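Have a look at start22.cif below; it lists mmCIF, N, CA and C atoms; chains and numbers go by the auth columns.
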data_my_file
#
loop_
_atom_site.group_PDB
_atom_site.id
_atom_site.type_symbol
_atom_site.label_atom_id
_atom_site.label_comp_id
_atom_site.label_asym_id
_atom_site.label_seq_id
_atom_site.Cartn_x
_atom_site.Cartn_y
_atom_site.Cartn_z
_atom_site.B_iso_or_equiv
_atom_site.auth_seq_id
_atom_site.auth_asym_id
ATOM 1 N N MET A 1 -78.130 -86.506 134.295 0.00 1 A
ATOM 2 C CA MET A 1 -79.074 -86.724 135.371 0.00 1 A
ATOM 3 C C MET A 1 -80.459 -87.059 134.817 0.00 1 A
ATOM 4 N N LYS A 2 -80.872 -86.403 133.724 0.00 2 A
ATOM 5 C CA LYS A 2 -82.175 -86.667 133.130 0.00 2 A
ATOM 6 C C LYS A 2 -82.254 -88.083 132.569 0.00 2 A
ATOM 7 N N LYS A 3 -81.134 -88.600 132.064 0.00 3 A
ATOM 8 C CA LYS A 3 -81.130 -89.948 131.512 0.00 3 A
ATOM 9 C C LYS A 3 -81.349 -90.989 132.597 0.00 3 A
ATOM 10 N N LEU A 4 -80.911 -90.743 133.787 0.00 4 A
ATOM 11 C CA LEU A 4 -81.101 -91.660 134.897 0.00 4 A
ATOM 12 C C LEU A 4 -82.513 -91.534 135.488 0.00 4 A
ATOM 13 N N PHE A 5 -83.078 -90.354 135.479 0.00 5 A
ATOM 14 C CA PHE A 5 -84.381 -90.102 136.070 0.00 5 A
ATOM 15 C C PHE A 5 -85.508 -90.791 135.286 0.00 5 A
ATOM 16 N N LEU A 6 -85.485 -90.755 133.967 0.00 6 A
ATOM 17 C CA LEU A 6 -86.559 -91.301 133.147 0.00 6 A
ATOM 18 C C LEU A 6 -86.705 -92.830 133.313 0.00 6 A
ATOM 19 N N PRO A 7 -85.631 -93.639 133.218 0.00 7 A
ATOM 20 C CA PRO A 7 -85.805 -95.086 133.436 0.00 7 A
ATOM 21 C C PRO A 7 -86.254 -95.406 134.863 0.00 7 A
ATOM 22 N N LEU A 8 -85.750 -94.675 135.843 0.00 8 A
ATOM 23 C CA LEU A 8 -86.159 -94.901 137.227 0.00 8 A
ATOM 24 C C LEU A 8 -87.642 -94.575 137.408 0.00 8 A
ATOM 25 N N PHE A 9 -88.085 -93.482 136.812 0.00 9 A
ATOM 26 C CA PHE A 9 -89.491 -93.094 136.882 0.00 9 A
ATOM 27 C C PHE A 9 -90.384 -94.154 136.212 0.00 9 A
ATOM 28 N N LEU A 10 -89.982 -94.652 135.057 0.00 10 A
ATOM 29 C CA LEU A 10 -90.755 -95.678 134.361 0.00 10 A
ATOM 30 C C LEU A 10 -90.811 -96.980 135.167 0.00 10 A
ATOM 31 N N PHE A 11 -89.703 -97.355 135.782 0.00 11 A
ATOM 32 C CA PHE A 11 -89.658 -98.570 136.591 0.00 11 A
ATOM 33 C C PHE A 11 -90.595 -98.468 137.797 0.00 11 A
ATOM 34 N N ILE A 12 -90.574 -97.349 138.471 0.00 12 A
ATOM 35 C CA ILE A 12 -91.451 -97.145 139.633 0.00 12 A
ATOM 36 C C ILE A 12 -92.910 -97.109 139.207 0.00 12 A
ATOM 37 N N SER A 13 -93.195 -96.503 138.066 0.00 13 A
ATOM 38 C CA SER A 13 -94.572 -96.454 137.566 0.00 13 A
ATOM 39 C C SER A 13 -95.083 -97.857 137.252 0.00 13 A
ATOM 40 N N LEU A 14 -94.246 -98.686 136.651 0.00 14 A
ATOM 41 C CA LEU A 14 -94.646 -100.059 136.348 0.00 14 A
ATOM 42 C C LEU A 14 -94.896 -100.868 137.617 0.00 14 A
ATOM 43 N N LEU A 15 -94.087 -100.650 138.648 0.00 15 A
ATOM 44 C CA LEU A 15 -94.299 -101.347 139.911 0.00 15 A
ATOM 45 C C LEU A 15 -95.631 -100.962 140.543 0.00 15 A
ATOM 46 N N ILE A 16 -95.963 -99.687 140.504 0.00 16 A
ATOM 47 C CA ILE A 16 -97.219 -99.222 141.094 0.00 16 A
ATOM 48 C C ILE A 16 -98.406 -99.774 140.314 0.00 16 A
ATOM 49 N N LEU A 17 -98.338 -99.725 138.986 0.00 17 A
ATOM 50 C CA LEU A 17 -99.430 -100.250 138.173 0.00 17 A
ATOM 51 C C LEU A 17 -99.565 -101.769 138.335 0.00 17 A
ATOM 52 N N GLY A 18 -98.453 -102.452 138.451 0.00 18 A
ATOM 53 C CA GLY A 18 -98.501 -103.903 138.647 0.00 18 A
ATOM 54 C C GLY A 18 -99.115 -104.281 139.977 0.00 18 A
ATOM 55 N N ALA A 19 -98.830 -103.515 141.017 0.00 19 A
ATOM 56 C CA ALA A 19 -99.394 -103.793 142.336 0.00 19 A
ATOM 57 C C ALA A 19 -100.897 -103.563 142.335 0.00 19 A
ATOM 58 N N CYS A 20 -101.358 -102.557 141.671 0.00 20 A
ATOM 59 C CA CYS A 20 -102.794 -102.291 141.595 0.00 20 A
ATOM 60 C C CYS A 20 -103.500 -103.380 140.791 0.00 20 A
ATOM 61 N N ASN A 21 -102.873 -103.852 139.751 0.00 21 A
ATOM 62 C CA ASN A 21 -103.479 -104.857 138.896 0.00 21 A
ATOM 63 C C ASN A 21 -103.603 -106.201 139.605 0.00 21 A
ATOM 64 N N SER A 22 -102.637 -106.599 140.405 0.00 22 A
ATOM 65 C CA SER A 22 -102.704 -107.885 141.085 0.00 22 A
ATOM 66 C C SER A 22 -103.814 -107.912 142.134 0.00 22 A
ATOM 67 N N GLU A 23 -104.123 -106.798 142.741 0.00 23 A
ATOM 68 C CA GLU A 23 -105.184 -106.733 143.728 0.00 23 A
ATOM 69 C C GLU A 23 -106.537 -106.979 143.061 0.00 23 A
ATOM 70 N N THR A 24 -106.739 -106.439 141.887 0.00 24 A
ATOM 71 C CA THR A 24 -107.983 -106.638 141.154 0.00 24 A
ATOM 72 C C THR A 24 -108.118 -108.099 140.738 0.00 24 A
ATOM 73 N N THR A 25 -107.036 -108.717 140.332 0.00 25 A
ATOM 74 C CA THR A 25 -107.074 -110.109 139.916 0.00 25 A
ATOM 75 C C THR A 25 -107.445 -111.011 141.091 0.00 25 A
ATOM 76 N N ALA A 26 -106.984 -110.705 142.268 0.00 26 A
ATOM 77 C CA ALA A 26 -107.320 -111.510 143.440 0.00 26 A
ATOM 78 C C ALA A 26 -108.821 -111.427 143.728 0.00 26 A
ATOM 79 N N LYS A 27 -109.408 -110.258 143.568 0.00 27 A
ATOM 80 C CA LYS A 27 -110.849 -110.118 143.787 0.00 27 A
ATOM 81 C C LYS A 27 -111.622 -110.904 142.741 0.00 27 A
ATOM 82 N N GLU A 28 -111.169 -110.872 141.492 0.00 28 A
ATOM 83 C CA GLU A 28 -111.839 -111.622 140.439 0.00 28 A
ATOM 84 C C GLU A 28 -111.730 -113.121 140.689 0.00 28 A
ATOM 85 N N ALA A 29 -110.589 -113.564 141.183 0.00 29 A
ATOM 86 C CA ALA A 29 -110.403 -114.986 141.473 0.00 29 A
ATOM 87 C C ALA A 29 -111.337 -115.431 142.593 0.00 29 A
ATOM 88 N N GLU A 30 -111.507 -114.605 143.604 0.00 30 A
ATOM 89 C CA GLU A 30 -112.407 -114.937 144.701 0.00 30 A
ATOM 90 C C GLU A 30 -113.851 -114.994 144.228 0.00 30 A
ATOM 91 N N SER A 31 -114.255 -114.045 143.385 0.00 31 A
ATOM 92 C CA SER A 31 -115.632 -114.027 142.909 0.00 31 A
ATOM 93 C C SER A 31 -115.897 -115.185 141.958 0.00 31 A
ATOM 94 N N SER A 32 -114.910 -115.569 141.147 0.00 32 A
ATOM 95 C CA SER A 32 -115.113 -116.696 140.236 0.00 32 A
ATOM 96 C C SER A 32 -115.188 -118.006 141.007 0.00 32 A
ATOM 97 N N THR A 33 -114.473 -118.117 142.108 0.00 33 A
ATOM 98 C CA THR A 33 -114.546 -119.311 142.942 0.00 33 A
ATOM 99 C C THR A 33 -115.922 -119.408 143.591 0.00 33 A
ATOM 100 N N ALA A 34 -116.470 -118.284 144.012 0.00 34 A
ATOM 101 C CA ALA A 34 -117.797 -118.280 144.616 0.00 34 A
ATOM 102 C C ALA A 34 -118.865 -118.618 143.583 0.00 34 A
ATOM 103 N N ASP A 35 -118.666 -118.222 142.328 0.00 35 A
ATOM 104 C CA ASP A 35 -119.629 -118.516 141.275 0.00 35 A
ATOM 105 C C ASP A 35 -119.629 -119.985 140.900 0.00 35 A
ATOM 106 N N GLN A 36 -118.551 -120.714 141.128 0.00 36 A
ATOM 107 C CA GLN A 36 -118.444 -122.104 140.740 0.00 36 A
ATOM 108 C C GLN A 36 -119.073 -123.050 141.751 0.00 36 A
ATOM 109 N N THR A 37 -119.607 -122.528 142.817 0.00 37 A
ATOM 110 C CA THR A 37 -120.243 -123.370 143.817 0.00 37 A
ATOM 111 C C THR A 37 -121.507 -123.974 143.210 0.00 37 A
ATOM 112 N N PRO A 38 -121.597 -125.307 143.154 0.00 38 A
ATOM 113 C CA PRO A 38 -122.766 -125.915 142.526 0.00 38 A
ATOM 114 C C PRO A 38 -124.012 -125.727 143.384 0.00 38 A
ATOM 115 N N GLU A 39 -125.097 -125.369 142.748 0.00 39 A
ATOM 116 C CA GLU A 39 -126.357 -125.217 143.452 0.00 39 A
ATOM 117 C C GLU A 39 -127.050 -126.570 143.494 0.00 39 A
ATOM 118 N N THR A 40 -127.759 -126.823 144.552 0.00 40 A
ATOM 119 C CA THR A 40 -128.457 -128.100 144.691 0.00 40 A
ATOM 120 C C THR A 40 -129.946 -127.870 144.858 0.00 40 A
ATOM 121 N N ILE A 41 -130.704 -128.899 144.532 0.00 41 A
ATOM 122 C CA ILE A 41 -132.147 -128.910 144.718 0.00 41 A
ATOM 123 C C ILE A 41 -132.439 -129.982 145.757 0.00 41 A
ATOM 124 N N THR A 42 -133.281 -129.679 146.723 0.00 42 A
ATOM 125 C CA THR A 42 -133.626 -130.653 147.750 0.00 42 A
ATOM 126 C C THR A 42 -134.880 -131.407 147.321 0.00 42 A
ATOM 127 N N TYR A 43 -134.736 -132.716 147.214 0.00 43 A
ATOM 128 C CA TYR A 43 -135.840 -133.601 146.820 0.00 43 A
ATOM 129 C C TYR A 43 -136.315 -134.354 148.055 0.00 43 A
ATOM 130 N N GLU A 44 -137.614 -134.306 148.310 0.00 44 A
ATOM 131 C CA GLU A 44 -138.184 -135.004 149.460 0.00 44 A
ATOM 132 C C GLU A 44 -138.559 -136.418 149.034 0.00 44 A
ATOM 133 N N SER A 45 -137.758 -137.408 149.426 0.00 45 A
ATOM 134 C CA SER A 45 -138.049 -138.807 149.103 0.00 45 A
ATOM 135 C C SER A 45 -138.704 -139.491 150.300 0.00 45 A
ATOM 136 N N GLU A 46 -139.014 -140.764 150.133 0.00 46 A
ATOM 137 C CA GLU A 46 -139.614 -141.534 151.226 0.00 46 A
ATOM 138 C C GLU A 46 -138.649 -141.700 152.389 0.00 46 A
ATOM 139 N N ASN A 47 -137.353 -141.700 152.092 0.00 47 A
ATOM 140 C CA ASN A 47 -136.334 -141.886 153.129 0.00 47 A
ATOM 141 C C ASN A 47 -135.868 -140.576 153.745 0.00 47 A
ATOM 142 N N GLY A 48 -136.373 -139.453 153.271 0.00 48 A
ATOM 143 C CA GLY A 48 -135.967 -138.165 153.791 0.00 48 A
ATOM 144 C C GLY A 48 -135.451 -137.271 152.670 0.00 48 A
ATOM 145 N N PRO A 49 -135.021 -136.050 152.996 0.00 49 A
ATOM 146 C CA PRO A 49 -134.571 -135.121 151.963 0.00 49 A
ATOM 147 C C PRO A 49 -133.231 -135.538 151.346 0.00 49 A
ATOM 148 N N ILE A 50 -133.116 -135.321 150.030 0.00 50 A
ATOM 149 C CA ILE A 50 -131.899 -135.636 149.282 0.00 50 A
ATOM 150 C C ILE A 50 -131.493 -134.399 148.492 0.00 50 A
ATOM 151 N N ASP A 51 -130.228 -134.005 148.582 0.00 51 A
ATOM 152 C CA ASP A 51 -129.716 -132.888 147.805 0.00 51 A
ATOM 153 C C ASP A 51 -129.214 -133.399 146.457 0.00 51 A
ATOM 154 N N VAL A 52 -129.759 -132.816 145.384 0.00 52 A
ATOM 155 C CA VAL A 52 -129.422 -133.210 144.022 0.00 52 A
ATOM 156 C C VAL A 52 -128.856 -131.989 143.313 0.00 52 A
ATOM 157 N N PRO A 53 -127.798 -132.130 142.485 0.00 53 A
ATOM 158 C CA PRO A 53 -127.271 -130.980 141.751 0.00 53 A
ATOM 159 C C PRO A 53 -128.346 -130.366 140.853 0.00 53 A
ATOM 160 N N ALA A 54 -128.333 -129.045 140.743 0.00 54 A
ATOM 161 C CA ALA A 54 -129.330 -128.352 139.928 0.00 54 A
ATOM 162 C C ALA A 54 -129.161 -128.674 138.448 0.00 54 A
ATOM 163 N N GLU A 55 -127.942 -128.837 137.995 0.00 55 A
ATOM 164 C CA GLU A 55 -127.678 -129.174 136.600 0.00 55 A
ATOM 165 C C GLU A 55 -126.834 -130.458 136.567 0.00 55 A
ATOM 166 N N PRO A 56 -127.479 -131.621 136.574 0.00 56 A
ATOM 167 C CA PRO A 56 -126.722 -132.873 136.607 0.00 56 A
ATOM 168 C C PRO A 56 -125.958 -133.099 135.313 0.00 56 A
ATOM 169 N N LYS A 57 -124.790 -133.709 135.415 0.00 57 A
ATOM 170 C CA LYS A 57 -123.965 -133.993 134.244 0.00 57 A
ATOM 171 C C LYS A 57 -124.255 -135.379 133.691 0.00 57 A
ATOM 172 N N ARG A 58 -124.603 -136.330 134.566 0.00 58 A
ATOM 173 C CA ARG A 58 -124.900 -137.702 134.143 0.00 58 A
ATOM 174 C C ARG A 58 -126.049 -138.231 134.995 0.00 58 A
ATOM 175 N N VAL A 59 -126.970 -138.987 134.369 0.00 59 A
ATOM 176 C CA VAL A 59 -128.137 -139.498 135.080 0.00 59 A
ATOM 177 C C VAL A 59 -128.349 -140.957 134.705 0.00 59 A
ATOM 178 N N VAL A 60 -128.704 -141.777 135.689 0.00 60 A
ATOM 179 C CA VAL A 60 -129.086 -143.170 135.471 0.00 60 A
ATOM 180 C C VAL A 60 -130.571 -143.274 135.816 0.00 60 A
ATOM 181 N N MET A 61 -131.371 -143.804 134.880 0.00 61 A
ATOM 182 C CA MET A 61 -132.816 -143.940 135.090 0.00 61 A
ATOM 183 C C MET A 61 -133.140 -145.376 135.455 0.00 61 A
ATOM 184 N N LEU A 62 -133.845 -145.575 136.557 0.00 62 A
ATOM 185 C CA LEU A 62 -134.248 -146.913 137.005 0.00 62 A
ATOM 186 C C LEU A 62 -135.768 -147.010 137.080 0.00 62 A
ATOM 187 N N SER A 63 -136.464 -146.179 136.326 0.00 63 A
ATOM 188 C CA SER A 63 -137.932 -146.204 136.349 0.00 63 A
ATOM 189 C C SER A 63 -138.459 -146.119 134.925 0.00 63 A
ATOM 190 N N SER A 64 -139.768 -146.053 134.795 0.00 64 A
ATOM 191 C CA SER A 64 -140.395 -146.050 133.470 0.00 64 A
ATOM 192 C C SER A 64 -140.547 -144.650 132.887 0.00 64 A
ATOM 193 N N TYR A 65 -139.997 -143.640 133.519 0.00 65 A
ATOM 194 C CA TYR A 65 -140.137 -142.262 133.040 0.00 65 A
ATOM 195 C C TYR A 65 -138.958 -141.824 132.171 0.00 65 A
ATOM 196 N N THR A 66 -138.305 -142.745 131.524 0.00 66 A
ATOM 197 C CA THR A 66 -137.103 -142.446 130.743 0.00 66 A
ATOM 198 C C THR A 66 -137.403 -141.501 129.592 0.00 66 A
ATOM 199 N N GLY A 67 -138.523 -141.691 128.923 0.00 67 A
ATOM 200 C CA GLY A 67 -138.896 -140.822 127.806 0.00 67 A
ATOM 201 C C GLY A 67 -139.079 -139.375 128.236 0.00 67 A
ATOM 202 N N ASP A 68 -139.666 -139.184 129.407 0.00 68 A
ATOM 203 C CA ASP A 68 -139.851 -137.815 129.915 0.00 68 A
ATOM 204 C C ASP A 68 -138.512 -137.145 130.209 0.00 68 A
ATOM 205 N N VAL A 69 -137.595 -137.904 130.778 0.00 69 A
ATOM 206 C CA VAL A 69 -136.275 -137.352 131.096 0.00 69 A
ATOM 207 C C VAL A 69 -135.500 -137.056 129.812 0.00 69 A
ATOM 208 N N MET A 70 -135.623 -137.929 128.816 0.00 70 A
ATOM 209 C CA MET A 70 -134.940 -137.702 127.544 0.00 70 A
ATOM 210 C C MET A 70 -135.477 -136.450 126.850 0.00 70 A
ATOM 211 N N SER A 71 -136.777 -136.151 126.997 0.00 71 A
ATOM 212 C CA SER A 71 -137.349 -134.964 126.372 0.00 71 A
ATOM 213 C C SER A 71 -136.848 -133.678 127.022 0.00 71 A
ATOM 214 N N LEU A 72 -136.316 -133.775 128.236 0.00 72 A
ATOM 215 C CA LEU A 72 -135.749 -132.608 128.925 0.00 72 A
ATOM 216 C C LEU A 72 -134.283 -132.384 128.585 0.00 72 A
ATOM 217 N N ASP A 73 -133.720 -133.195 127.673 0.00 73 A
ATOM 218 C CA ASP A 73 -132.314 -133.105 127.251 0.00 73 A
ATOM 219 C C ASP A 73 -131.339 -133.301 128.397 0.00 73 A
ATOM 220 N N ILE A 74 -131.667 -134.210 129.291 0.00 74 A
ATOM 221 C CA ILE A 74 -130.761 -134.563 130.383 0.00 74 A
ATOM 222 C C ILE A 74 -129.903 -135.729 129.903 0.00 74 A
ATOM 223 N N PRO A 75 -128.588 -135.661 130.061 0.00 75 A
ATOM 224 C CA PRO A 75 -127.708 -136.721 129.553 0.00 75 A
ATOM 225 C C PRO A 75 -127.846 -138.016 130.349 0.00 75 A
ATOM 226 N N LEU A 76 -128.413 -139.034 129.718 0.00 76 A
ATOM 227 C CA LEU A 76 -128.588 -140.339 130.357 0.00 76 A
ATOM 228 C C LEU A 76 -127.388 -141.222 130.053 0.00 76 A
ATOM 229 N N ILE A 77 -126.870 -141.887 131.088 0.00 77 A
ATOM 230 C CA ILE A 77 -125.760 -142.814 130.868 0.00 77 A
ATOM 231 C C ILE A 77 -126.172 -144.251 131.138 0.00 77 A
ATOM 232 N N GLY A 78 -127.380 -144.455 131.686 0.00 78 A
ATOM 233 C CA GLY A 78 -127.841 -145.802 131.957 0.00 78 A
ATOM 234 C C GLY A 78 -129.342 -145.831 132.147 0.00 78 A
ATOM 235 N N VAL A 79 -129.996 -146.858 131.563 0.00 79 A
ATOM 236 C CA VAL A 79 -131.432 -147.066 131.725 0.00 79 A
ATOM 237 C C VAL A 79 -131.678 -148.556 131.912 0.00 79 A
ATOM 238 N N THR A 80 -132.871 -148.900 132.390 0.00 80 A
ATOM 239 C CA THR A 80 -133.222 -150.304 132.515 0.00 80 A
ATOM 240 C C THR A 80 -133.542 -150.867 131.135 0.00 80 A
ATOM 241 N N SER A 81 -133.458 -152.185 130.988 0.00 81 A
ATOM 242 C CA SER A 81 -133.708 -152.794 129.679 0.00 81 A
ATOM 243 C C SER A 81 -135.160 -152.616 129.262 0.00 81 A
ATOM 244 N N TRP A 82 -136.100 -152.650 130.211 0.00 82 A
ATOM 245 C CA TRP A 82 -137.499 -152.444 129.874 0.00 82 A
ATOM 246 C C TRP A 82 -137.727 -151.030 129.362 0.00 82 A
ATOM 247 N N ALA A 83 -137.183 -150.046 130.022 0.00 83 A
ATOM 248 C CA ALA A 83 -137.355 -148.658 129.592 0.00 83 A
ATOM 249 C C ALA A 83 -136.675 -148.390 128.262 0.00 83 A
ATOM 250 N N LYS A 84 -135.558 -149.050 128.023 0.00 84 A
ATOM 251 C CA LYS A 84 -134.827 -148.854 126.771 0.00 84 A
ATOM 252 C C LYS A 84 -135.613 -149.416 125.579 0.00 84 A
ATOM 253 N N ASN A 85 -136.294 -150.532 125.778 0.00 85 A
ATOM 254 C CA ASN A 85 -137.049 -151.154 124.704 0.00 85 A
ATOM 255 C C ASN A 85 -138.480 -150.624 124.575 0.00 85 A
ATOM 256 N N ASN A 86 -138.905 -149.735 125.451 0.00 86 A
ATOM 257 C CA ASN A 86 -140.234 -149.163 125.419 0.00 86 A
ATOM 258 C C ASN A 86 -140.338 -148.195 124.231 0.00 86 A
ATOM 259 N N PRO A 87 -141.308 -148.371 123.331 0.00 87 A
ATOM 260 C CA PRO A 87 -141.400 -147.487 122.170 0.00 87 A
ATOM 261 C C PRO A 87 -141.848 -146.079 122.513 0.00 87 A
ATOM 262 N N LEU A 88 -142.424 -145.853 123.679 0.00 88 A
ATOM 263 C CA LEU A 88 -142.884 -144.529 124.038 0.00 88 A
ATOM 264 C C LEU A 88 -141.745 -143.730 124.625 0.00 88 A
#
Write-out of the structure in structure tokens:
Amino acid sequence: MKKLFLPLFLFISLLILGACNSETTAKEAESSTADQTPETITYESENGPIDVPAEPKRVVMLSSYTGDVMSLDIPLIGVTSWAKNNPL
């Protein structure tokens, strides 16, 4: 009888611990999903407000301020030919 009781007890204990562990993982998954929401910055342009990502991954510069943007370590993927040839 003792030989049957020990494996049954271990099996039930593993089921209880597994059920508790999956509940914690679901909470972590929900919190990590909420953390991945990208934050935006609202820029007031002449045409009205524009939402811009807080940490842009790629930027195209169409003005003469390319040097200033490059000094901020923002990844540029495109610039105008005049700005590219500007020594400043």
Notebook entry, point to check: What is the atom CA of Ala54 of chain A-atom CA of Thr42 of chain A distance in Å, reported with one decimal?
Noted result: 9.2 Å
Next item on the list: Measure the distance from atom N of Thr80 of chain A to atom CA of Tyr65 of chain A in Å and round it to one decimal.
Entry: 9.9 Å
Which residues are near segment 73-78 of chain A? Cut-off 6 Å, only N, CA and C atoms, ignore same chain within fewer than 2 positions. Put them as a PDB file with N, CA and C atoms, in the frame of the given file.
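After the write, out33.pdb holds the following:
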ATOM      1  N   LYS A  57    -124.790-133.709 135.415  1.00  0.00           N
ATOM      2  CA  LYS A  57    -123.965-133.993 134.244  1.00  0.00           C
ATOM      3  C   LYS A  57    -124.255-135.379 133.691  1.00  0.00           C
ATOM      4  N   ARG A  58    -124.603-136.330 134.566  1.00  0.00           N
ATOM      5  CA  ARG A  58    -124.900-137.702 134.143  1.00  0.00           C
ATOM      6  C   ARG A  58    -126.049-138.231 134.995  1.00  0.00           C
ATOM      7  N   VAL A  59    -126.970-138.987 134.369  1.00  0.00           N
ATOM      8  CA  VAL A  59    -128.137-139.498 135.080  1.00  0.00           C
ATOM      9  C   VAL A  59    -128.349-140.957 134.705  1.00  0.00           C
ATOM     10  N   VAL A  60    -128.704-141.777 135.689  1.00  0.00           N
ATOM     11  CA  VAL A  60    -129.086-143.170 135.471  1.00  0.00           C
ATOM     12  C   VAL A  60    -130.571-143.274 135.816  1.00  0.00           C
ATOM     13  N   MET A  61    -131.371-143.804 134.880  1.00  0.00           N
ATOM     14  CA  MET A  61    -132.816-143.940 135.090  1.00  0.00           C
ATOM     15  C   MET A  61    -133.140-145.376 135.455  1.00  0.00           C
ATOM     16  N   VAL A  69    -137.595-137.904 130.778  1.00  0.00           N
ATOM     17  CA  VAL A  69    -136.275-137.352 131.096  1.00  0.00           C
ATOM     18  C   VAL A  69    -135.500-137.056 129.812  1.00  0.00           C
ATOM     19  N   MET A  70    -135.623-137.929 128.816  1.00  0.00           N
ATOM     20  CA  MET A  70    -134.940-137.702 127.544  1.00  0.00           C
ATOM     21  C   MET A  70    -135.477-136.450 126.850  1.00  0.00           C
ATOM     22  N   SER A  71    -136.777-136.151 126.997  1.00  0.00           N
ATOM     23  CA  SER A  71    -137.349-134.964 126.372  1.00  0.00           C
ATOM     24  C   SER A  71    -136.848-133.678 127.022  1.00  0.00           C
ATOM     25  N   THR A  80    -132.871-148.900 132.390  1.00  0.00           N
ATOM     26  CA  THR A  80    -133.222-150.304 132.515  1.00  0.00           C
ATOM     27  C   THR A  80    -133.542-150.867 131.135  1.00  0.00           C
TER      28      THR A  80
END
Notebook entry, point to check: Expressed in Å to a single decimal, how great is the separation between atom CA of Pro53 of chain A and atom N of Gly67 of chain A?
Noted result: 20.1 Å
Item checked: 8 Å contact set for Ile50 of chain A, all atoms listed in the file, chain neighbours under 4 positions out, as a ChimeraX atom specification -> /A:40-45
Notebook entry, point to check: Between A:Ile16, A:Leu4, A:Leu62, A:Leu10, which has the minimum distance to Ala83 of chain A (counting all atoms listed in the file)?
Noted result: A:Leu62
To test the calculation: enclose all listed atoms of segment 47-50 of chain A in a box whose edges run along x, y and z, add 4 Å on each side, then state centre and edge lengths in Å to one decimal, as AutoDock Vina command-line options.
--center_x -134.4 --center_y -138.1 --center_z 151.1 --size_x 13.9 --size_y 15.5 --size_z 13.3
